[in-house]
file upload.tsv (TSV, C-alpha atoms and all ligand atoms)
chain	number	residue	atom	x	y	z
A	1	MET	CA	82.37	113.78	82.21
A	2	SER	CA	85.43	111.56	82.53
A	3	PRO	CA	85.46	109.62	85.84
A	4	LEU	CA	89.15	110.25	86.50
A	5	GLN	CA	91.63	112.70	85.02
A	6	VAL	CA	95.26	113.34	85.71
A	7	LEU	CA	96.10	117.01	86.19
A	8	CYS	CA	99.66	118.25	86.20
A	9	LEU	CA	101.81	121.37	86.14
A	10	PRO	CA	104.16	122.18	83.27
A	11	ASP	CA	107.19	120.85	85.18
A	12	THR	CA	105.57	117.54	86.23
A	13	GLN	CA	104.34	116.48	82.79
A	14	LEU	CA	106.71	113.56	82.41
A	15	HIS	CA	105.78	111.88	85.69
A	16	ALA	CA	102.09	112.69	85.11
A	17	ALA	CA	102.09	111.24	81.58
A	18	ASP	CA	103.46	107.99	82.96
A	19	LEU	CA	100.71	107.86	85.62
A	20	ALA	CA	98.00	108.78	83.07
A	21	LEU	CA	99.12	105.90	80.88
A	22	ARG	CA	99.02	103.45	83.79
A	23	LEU	CA	95.57	104.68	84.80
A	24	GLY	CA	94.19	104.93	81.27
A	25	ALA	CA	93.07	108.46	82.16
A	26	PRO	CA	93.21	111.69	80.15
A	27	LEU	CA	95.97	114.15	81.07
A	28	GLN	CA	95.56	117.90	81.34
A	29	THR	CA	98.28	120.45	82.12
A	30	LEU	CA	97.28	123.47	84.22
A	31	PRO	CA	99.28	126.66	84.86
A	32	ASP	CA	98.80	126.22	88.64
A	33	PHE	CA	96.67	124.34	91.19
A	34	GLU	CA	95.10	127.47	92.74
A	35	ARG	CA	91.51	127.10	93.94
A	36	LYS	CA	90.15	129.45	91.32
A	37	THR	CA	91.83	127.44	88.56
A	38	LEU	CA	90.44	124.18	89.97
A	39	LYS	CA	86.92	125.61	90.46
A	40	ARG	CA	86.76	126.36	86.73
A	41	LEU	CA	87.11	122.62	86.07
A	42	ALA	CA	84.18	121.62	88.26
A	43	SER	CA	81.77	121.31	85.33
A	44	SER	CA	84.05	119.01	83.32
A	45	VAL	CA	86.01	116.97	85.90
A	46	SER	CA	84.62	114.90	88.77
A	47	LEU	CA	87.78	113.33	90.20
A	48	ALA	CA	91.45	113.99	89.50
A	49	LEU	CA	94.84	112.69	90.46
A	50	MET	CA	96.86	115.89	90.83
A	51	VAL	CA	100.54	115.63	90.11
A	52	GLY	CA	102.44	118.62	91.44
A	53	GLU	CA	105.11	118.71	94.11
A	54	ASP	CA	103.19	115.77	95.55
A	55	VAL	CA	100.49	113.43	94.27
A	56	SER	CA	96.98	113.90	95.64
A	57	LEU	CA	93.36	113.12	94.89
A	58	GLN	CA	90.84	115.89	94.36
A	59	THR	CA	87.07	115.72	93.91
A	60	PHE	CA	85.34	118.58	92.20
A	61	GLN	CA	82.00	118.88	94.00
A	62	LEU	CA	81.66	122.50	95.11
A	63	PRO	CA	82.66	123.75	97.63
A	64	LEU	CA	85.96	122.09	96.76
A	65	PRO	CA	87.31	119.91	99.58
A	66	GLY	CA	91.07	119.90	100.15
A	67	PRO	CA	93.14	117.37	98.22
A	68	VAL	CA	93.75	113.99	99.84
A	69	ARG	CA	97.18	112.40	99.95
A	70	VAL	CA	99.02	109.69	101.82
A	71	ASP	CA	101.00	111.48	104.51
A	72	TRP	CA	102.62	109.40	107.21
A	73	THR	CA	104.60	112.44	108.37
A	74	ASP	CA	101.65	114.57	109.45
A	75	GLY	CA	101.38	115.55	113.10
A	76	GLN	CA	98.38	113.35	113.81
A	77	THR	CA	100.02	110.20	112.45
A	78	LEU	CA	103.35	110.80	114.20
A	79	TRP	CA	101.52	111.58	117.45
A	80	ARG	CA	99.54	108.32	117.20
A	81	LEU	CA	102.78	106.40	116.69
A	82	GLN	CA	104.68	108.08	119.51
A	83	HIS	CA	101.96	108.60	122.12
A	84	GLY	CA	99.03	106.44	120.99
A	85	GLY	CA	98.12	103.02	122.28
A	86	GLY	CA	101.20	101.24	120.86
A	87	ARG	CA	100.95	97.55	121.66
A	88	GLY	CA	97.70	98.35	123.46
A	89	GLU	CA	96.02	99.24	120.14
A	90	MET	CA	93.34	96.72	119.23
A	91	LEU	CA	95.00	96.04	115.89
A	92	ALA	CA	98.26	95.08	117.63
A	93	LYS	CA	96.42	92.81	120.06
A	94	ALA	CA	94.39	91.25	117.26
A	95	CYS	CA	97.60	90.47	115.36
A	96	GLY	CA	98.94	88.73	118.48
A	97	ILE	CA	101.90	91.09	119.10
A	98	LYS	CA	103.21	90.24	122.57
A	99	GLY	CA	106.62	90.15	124.26
A	100	ASP	CA	109.19	89.53	121.55
A	101	TYR	CA	106.64	87.94	119.20
A	102	LEU	CA	106.57	90.27	116.19
A	103	PRO	CA	104.87	88.44	113.31
A	104	TRP	CA	105.37	89.01	109.60
A	105	VAL	CA	102.08	90.60	108.58
A	106	VAL	CA	100.75	90.76	105.03
A	107	ASP	CA	98.35	93.69	104.86
A	108	ALA	CA	96.28	92.47	101.90
A	109	THR	CA	94.24	95.69	101.67
A	110	ALA	CA	96.89	98.36	102.16
A	111	GLY	CA	94.83	101.47	101.27
A	112	PHE	CA	96.63	104.50	102.71
A	113	GLY	CA	98.91	102.22	104.72
A	114	ARG	CA	98.04	103.66	108.14
A	115	ASP	CA	97.48	100.28	109.77
A	116	SER	CA	100.61	98.85	108.15
A	117	LEU	CA	102.68	101.76	109.41
A	118	LEU	CA	101.51	101.16	112.99
A	119	LEU	CA	102.44	97.47	112.79
A	120	ALA	CA	105.85	98.25	111.29
A	121	TRP	CA	106.43	100.96	113.90
A	122	LEU	CA	105.83	98.31	116.58
A	123	GLY	CA	108.51	96.12	114.99
A	124	CYS	CA	106.65	93.80	112.59
A	125	ARG	CA	107.79	93.11	109.05
A	126	VAL	CA	104.84	94.24	106.90
A	127	THR	CA	104.08	93.54	103.24
A	128	LEU	CA	101.53	96.00	101.87
A	129	LEU	CA	99.41	94.74	98.97
A	130	GLU	CA	97.35	97.20	96.94
A	131	ARG	CA	95.60	96.68	93.61
A	132	SER	CA	94.12	100.11	92.83
A	133	PRO	CA	96.47	102.04	90.53
A	134	VAL	CA	95.23	105.35	92.00
A	135	VAL	CA	95.98	104.24	95.55
A	136	GLN	CA	99.32	102.83	94.36
A	137	ALA	CA	100.29	106.26	93.03
A	138	LEU	CA	99.30	107.89	96.32
A	139	LEU	CA	101.19	105.28	98.34
A	140	GLN	CA	104.35	105.70	96.28
A	141	ASP	CA	104.19	109.46	96.81
A	142	GLY	CA	103.56	109.03	100.56
A	143	TRP	CA	106.48	106.61	100.75
A	144	LYS	CA	108.82	109.17	99.17
A	145	ARG	CA	107.77	111.83	101.67
A	146	ALA	CA	108.11	109.41	104.60
A	147	GLN	CA	111.72	108.65	103.64
A	148	ALA	CA	112.64	112.23	104.57
A	149	GLU	CA	111.31	111.74	108.13
A	150	PRO	CA	114.03	110.26	110.40
A	151	LEU	CA	111.43	109.09	112.95
A	152	LEU	CA	110.03	106.69	110.35
A	153	ALA	CA	113.32	105.27	109.07
A	154	ALA	CA	113.25	102.04	111.08
A	155	ALA	CA	109.58	101.35	110.34
A	156	LEU	CA	110.07	101.93	106.60
A	157	GLN	CA	112.88	99.39	106.53
A	158	ARG	CA	110.43	96.78	107.73
A	159	MET	CA	107.81	97.66	105.08
A	160	GLU	CA	107.56	96.66	101.43
A	161	LEU	CA	105.01	97.87	98.89
A	162	VAL	CA	103.68	95.30	96.46
A	163	PHE	CA	101.24	96.30	93.76
A	164	ALA	CA	99.15	93.23	93.09
A	165	ASP	CA	95.77	91.65	93.59
A	166	SER	CA	95.88	89.98	96.99
A	167	ALA	CA	93.84	86.92	96.12
A	168	ALA	CA	96.33	86.00	93.39
A	169	TRP	CA	99.41	87.04	95.42
A	170	LEU	CA	98.37	85.10	98.51
A	171	GLY	CA	97.49	82.12	96.32
A	172	SER	CA	101.01	82.11	94.87
A	173	LEU	CA	102.72	81.65	98.26
A	174	ALA	CA	104.11	78.18	98.66
A	175	GLY	CA	105.77	76.00	101.28
A	176	ASP	CA	107.11	77.68	104.37
A	177	HIS	CA	107.44	81.15	102.84
A	178	ARG	CA	104.17	82.38	104.33
A	179	PRO	CA	103.35	85.21	106.75
A	180	GLU	CA	102.24	84.52	110.29
A	181	VAL	CA	99.37	87.00	109.92
A	182	VAL	CA	97.22	88.20	107.02
A	183	TYR	CA	95.30	91.40	107.71
A	184	LEU	CA	92.18	92.41	105.77
A	185	ASP	CA	90.43	95.79	105.94
A	186	PRO	CA	88.22	95.93	102.84
A	187	MET	CA	86.27	99.05	101.90
A	188	PHE	CA	83.07	99.65	103.82
A	189	PRO	CA	80.70	102.64	104.02
A	190	THR	CA	82.16	105.55	106.03
A	191	ARG	CA	82.50	104.62	109.65
A	192	GLU	CA	84.56	107.35	111.27
A	193	LYS	CA	83.21	110.61	112.56
A	194	SER	CA	85.54	113.57	112.24
A	195	ALA	CA	84.86	115.97	109.38
A	196	LYS	CA	88.40	115.60	108.04
A	197	VAL	CA	88.18	111.80	107.91
A	198	LYS	CA	84.79	112.06	106.22
A	199	VAL	CA	86.21	114.07	103.35
A	200	ASN	CA	89.15	111.66	103.07
A	201	MET	CA	86.85	108.66	103.03
A	202	GLN	CA	84.45	110.25	100.53
A	203	VAL	CA	87.26	110.95	98.10
A	204	PHE	CA	88.76	107.53	98.71
A	205	HIS	CA	85.42	105.83	98.04
A	206	GLN	CA	84.94	107.82	94.86
A	207	ALA	CA	88.35	106.70	93.59
A	208	VAL	CA	88.33	103.06	94.64
A	209	GLY	CA	84.64	102.20	94.98
A	210	ALA	CA	83.47	99.38	97.21
A	211	ASP	CA	85.30	96.05	97.39
A	212	PRO	CA	82.44	93.80	96.21
A	213	ASP	CA	84.77	90.80	96.05
A	214	ALA	CA	86.08	91.25	99.62
A	215	ALA	CA	84.51	88.01	100.90
A	216	GLY	CA	86.62	86.13	98.34
A	217	LEU	CA	89.82	87.21	100.14
A	218	LEU	CA	89.10	85.25	103.30
A	219	GLU	CA	89.84	81.77	101.91
A	220	PRO	CA	93.19	82.66	100.27
A	221	ALA	CA	94.12	84.57	103.45
A	222	LEU	CA	93.31	81.56	105.63
A	223	ARG	CA	95.36	79.28	103.38
A	224	ALA	CA	98.32	81.69	103.41
A	225	ALA	CA	98.51	82.65	107.10
A	226	LYS	CA	100.55	80.42	109.40
A	227	LYS	CA	98.94	81.73	112.59
A	228	ARG	CA	95.92	83.95	112.01
A	229	VAL	CA	93.83	86.16	109.76
A	230	VAL	CA	92.63	89.47	111.19
A	231	VAL	CA	89.64	91.23	109.58
A	232	LYS	CA	88.63	94.79	110.43
A	233	ARG	CA	84.86	95.32	110.32
A	234	PRO	CA	82.44	98.05	111.32
A	235	ARG	CA	81.27	97.12	114.84
A	236	LEU	CA	77.82	95.92	113.83
A	237	ALA	CA	78.59	94.42	110.41
A	238	GLU	CA	78.17	90.76	109.51
A	239	PRO	CA	81.43	88.79	109.66
A	240	LEU	CA	83.30	88.61	106.35
A	241	ALA	CA	81.94	85.86	104.08
A	242	GLY	CA	79.42	85.08	106.85
A	243	ARG	CA	82.13	83.10	108.67
A	244	GLU	CA	82.21	83.37	112.47
A	245	PRO	CA	85.64	84.35	113.84
A	246	SER	CA	87.49	82.52	116.62
A	247	VAL	CA	88.02	85.70	118.68
A	248	VAL	CA	86.66	89.27	118.44
A	249	PHE	CA	88.27	92.50	119.67
A	250	GLU	CA	85.53	95.09	119.85
A	251	GLY	CA	85.99	98.87	119.81
A	252	GLU	CA	83.63	101.83	119.69
A	253	SER	CA	83.00	101.91	115.96
A	254	SER	CA	84.90	98.96	114.58
A	255	ARG	CA	86.00	95.50	115.60
A	256	PHE	CA	88.72	93.04	114.66
A	257	ASP	CA	87.61	89.49	113.87
A	258	VAL	CA	90.42	86.98	114.36
A	259	TYR	CA	90.48	83.60	112.59
A	260	LEU	CA	93.07	81.30	114.12
A	261	ALA	CA	94.85	79.09	111.61
A	262	GLY	CA	94.74	75.32	111.70
A	301	LIG	C1	89.57	100.42	103.48
A	301	LIG	S1	91.03	100.45	102.51
A	301	LIG	C2	92.25	99.95	103.67
A	301	LIG	C3	92.68	101.05	104.60
A	301	LIG	C4	93.95	100.69	105.33
A	301	LIG	N1	93.73	99.66	106.32
A	301	LIG	C5	94.62	101.89	105.95
A	301	LIG	O1	95.07	101.77	107.12
A	301	LIG	O2	94.77	102.93	105.29
A	301	LIG	C6	90.93	99.05	101.46
A	301	LIG	C7	91.99	99.00	100.36
A	301	LIG	O3	92.15	97.64	99.95
A	301	LIG	C8	92.35	97.60	98.55
A	301	LIG	N2	91.95	96.25	98.10
A	301	LIG	C9	90.75	95.68	98.20
A	301	LIG	N3	90.75	94.43	97.70
A	301	LIG	C10	92.01	94.19	97.28
A	301	LIG	C11	92.66	93.08	96.66
A	301	LIG	N4	91.98	91.95	96.36
A	301	LIG	N5	93.97	93.17	96.38
A	301	LIG	C12	94.67	94.30	96.68
A	301	LIG	N6	94.11	95.40	97.25
A	301	LIG	C13	92.80	95.36	97.56
A	301	LIG	C14	91.44	98.70	98.01
A	301	LIG	O4	91.88	99.12	96.72
A	301	LIG	C15	91.62	99.79	99.09
A	301	LIG	O5	92.67	100.65	98.75

call {"tool": "encode", "arguments": {"input": "upload.tsv", "output": "structure tokens", "more": "lines below"}}
Ligand SMILES: C[S@@+](CC[C@H](N)C(=O)[O-])C[C@H]1O[C@@H](n2cnc3c(N)ncnc32)[C@H](O)[C@@H]1O
result
Amino acid sequence: MSPLQVLCLPDTQLHAADLALRLGAPLQTLPDFERKTLKRLASSVSLALMVGEDVSLQTFQLPLPGPVRVDWTDGQTLWRLQHGGGRGEMLAKACGIKGDYLPWVVDATAGFGRDSLLLAWLGCRVTLLERSPVVQALLQDGWKRAQAEPLLAAALQRMELVFADSAAWLGSLAGDHRPEVVYLDPMFPTREKSAKVKVNMQVFHQAVGADPDAAGLLEPALRAAKKRVVVKRPRLAEPLAGREPSVVFEGESSRFDVYLAG
């Protein structure tokens, strides 16, 4: 069974062929993405990037979970931005956002970009770095959708997507052209509770795997950041690379370890 396939519809073949080439994955064209069509594939496909009107990830364990996509325009995300904690969110505090101090943040583990979006919404310039070609495809698709949402226009202008390995990218920064903050949120076993998030995380883990080299990001991040490095960890996990942070912001299930520069 191939670990990842690209599935497309007859009218999305061109875009899908390009993605399949980038991913080195086999491409299959289906007449539709109806559940009964997908269920028939369960014995031969375990994970697929589905290229239809949008780009999504689908696992094929029965019963089939819904497809997972990057969607910054869904009600939950927009509600969090408009009515959530804002500057009171732990992430914002950990990044040092205060008064008119709005740092340039490099999110070196962009994933689905939810944390980046919050920081950009609050007014920070945010560079999103992502190395997984599957996640890159999902992010690009989410970005396209977000451009049609007027509420996100200002935040999107402050965000840039960069598809690269963060250790190398951070290492290439020179002189004064460095962000104030580098943010790291490497993959970790599922830590959130709601059923919907669990499915999302399961699918995400299947596509990206763990980040076994995550500890190796701390040093380049510390060298690159002018002010601080912020690392998101499950509440009870060891600090990244076994290095004690300068300050900790602790929440119910996760915490933010802050390493002050200099
Ligand atoms: C847990 S997710 C981040 C979730 C993200 N904070 C969010 O709000 O959606 C971690 C992501 O970091 C990416 N990643 C891990 N190490 C990386 C590296 N060295 N360079 C670029 N991306 C990396 C993984 O591919 C994965 O997509």

call {"tool": "residues_around", "arguments": {"input": "upload.tsv", "residues": "Asp107 in chain A", "least_positions_apart": "2", "cutoff": "8 Å", "atoms": "all atoms listed in the file", "output": "tab-separated table (two decimals) with C-alpha atoms, in the coordinates of the input"}}
result
chain	number	residue	atom	x	y	z
A	105	VAL	CA	102.08	90.60	108.58
A	109	THR	CA	94.24	95.69	101.67
A	110	ALA	CA	96.89	98.36	102.16
A	116	SER	CA	100.61	98.85	108.15
A	126	VAL	CA	104.84	94.24	106.90
A	127	THR	CA	104.08	93.54	103.24
A	128	LEU	CA	101.53	96.00	101.87
A	129	LEU	CA	99.41	94.74	98.97
A	182	VAL	CA	97.22	88.20	107.02
A	183	TYR	CA	95.30	91.40	107.71
A	184	LEU	CA	92.18	92.41	105.77

call {"tool": "residues_around", "arguments": {"input": "upload.tsv", "residues": "range 62-66 of chain A", "least_positions_apart": "2", "cutoff": "12 Å", "atoms": "all atoms listed in the file", "output": "count of residues only"}}
result
31

call {"tool": "closest_residue", "arguments": {"input": "upload.tsv", "among": "A:Ala225, A:Leu122, A:Val208, A:Leu151", "to": "ligand LIG 301 (chain A)", "atoms": "all atoms listed in the file"}}
result
A:Val208

call {"tool": "closest_residue", "arguments": {"input": "upload.tsv", "among": "A:Asp18, A:Asp54, A:Asp176, A:Asp165", "to": "Leu139 in chain A", "atoms": "only C-alpha atoms"}}
result
A:Asp54

call {"tool": "closest_residue", "arguments": {"input": "upload.tsv", "among": "A:Thr73, A:Ser246, A:Thr12, A:Gln82", "to": "Arg145 in chain A", "atoms": "all atoms listed in the file"}}
result
A:Thr73

call {"tool": "residues_around", "arguments": {"input": "upload.tsv", "residues": "Ala174 in chain A", "least_positions_apart": "6", "cutoff": "12 Å", "atoms": "all atoms listed in the file", "output": "JSON, numbers by chain"}}
result
{"A": [220, 223, 224, 225, 226]}

call {"tool": "residues_near_ligand", "arguments": {"input": "upload.tsv", "ligand": "ligand LIG 301 (chain A)", "cutoff": "8 Å", "atoms": "all atoms listed in the file", "output": "PyMOL selection string"}}
result
chain A and resi 107-117+129-132+135+163-168+184-188+204+208+211+213-214+217

call {"tool": "closest_residue", "arguments": {"input": "upload.tsv", "among": "A:Gly242, A:Gly75, A:Gly175, A:Pro103", "to": "Ala120 in chain A", "atoms": "only C-alpha atoms"}}
result
A:Pro103

call {"tool": "atom_distance", "arguments": {"input": "upload.tsv", "atom1": "CA of Val162 in chain A", "atom2": "CA of Lys93 in chain A"}}
result
24.8 Å

call {"tool": "residues_around", "arguments": {"input": "upload.tsv", "residues": "Gly251 in chain A", "least_positions_apart": "3", "cutoff": "9 Å", "atoms": "all atoms listed in the file", "output": "list in words"}}
result
Met90, Arg235, Ser254, Arg255 and Phe256 of chain A

call {"tool": "atom_distance", "arguments": {"input": "upload.tsv", "atom1": "CA of Leu78 in chain A", "atom2": "CA of Cys124 in chain A"}}
result
17.4 Å
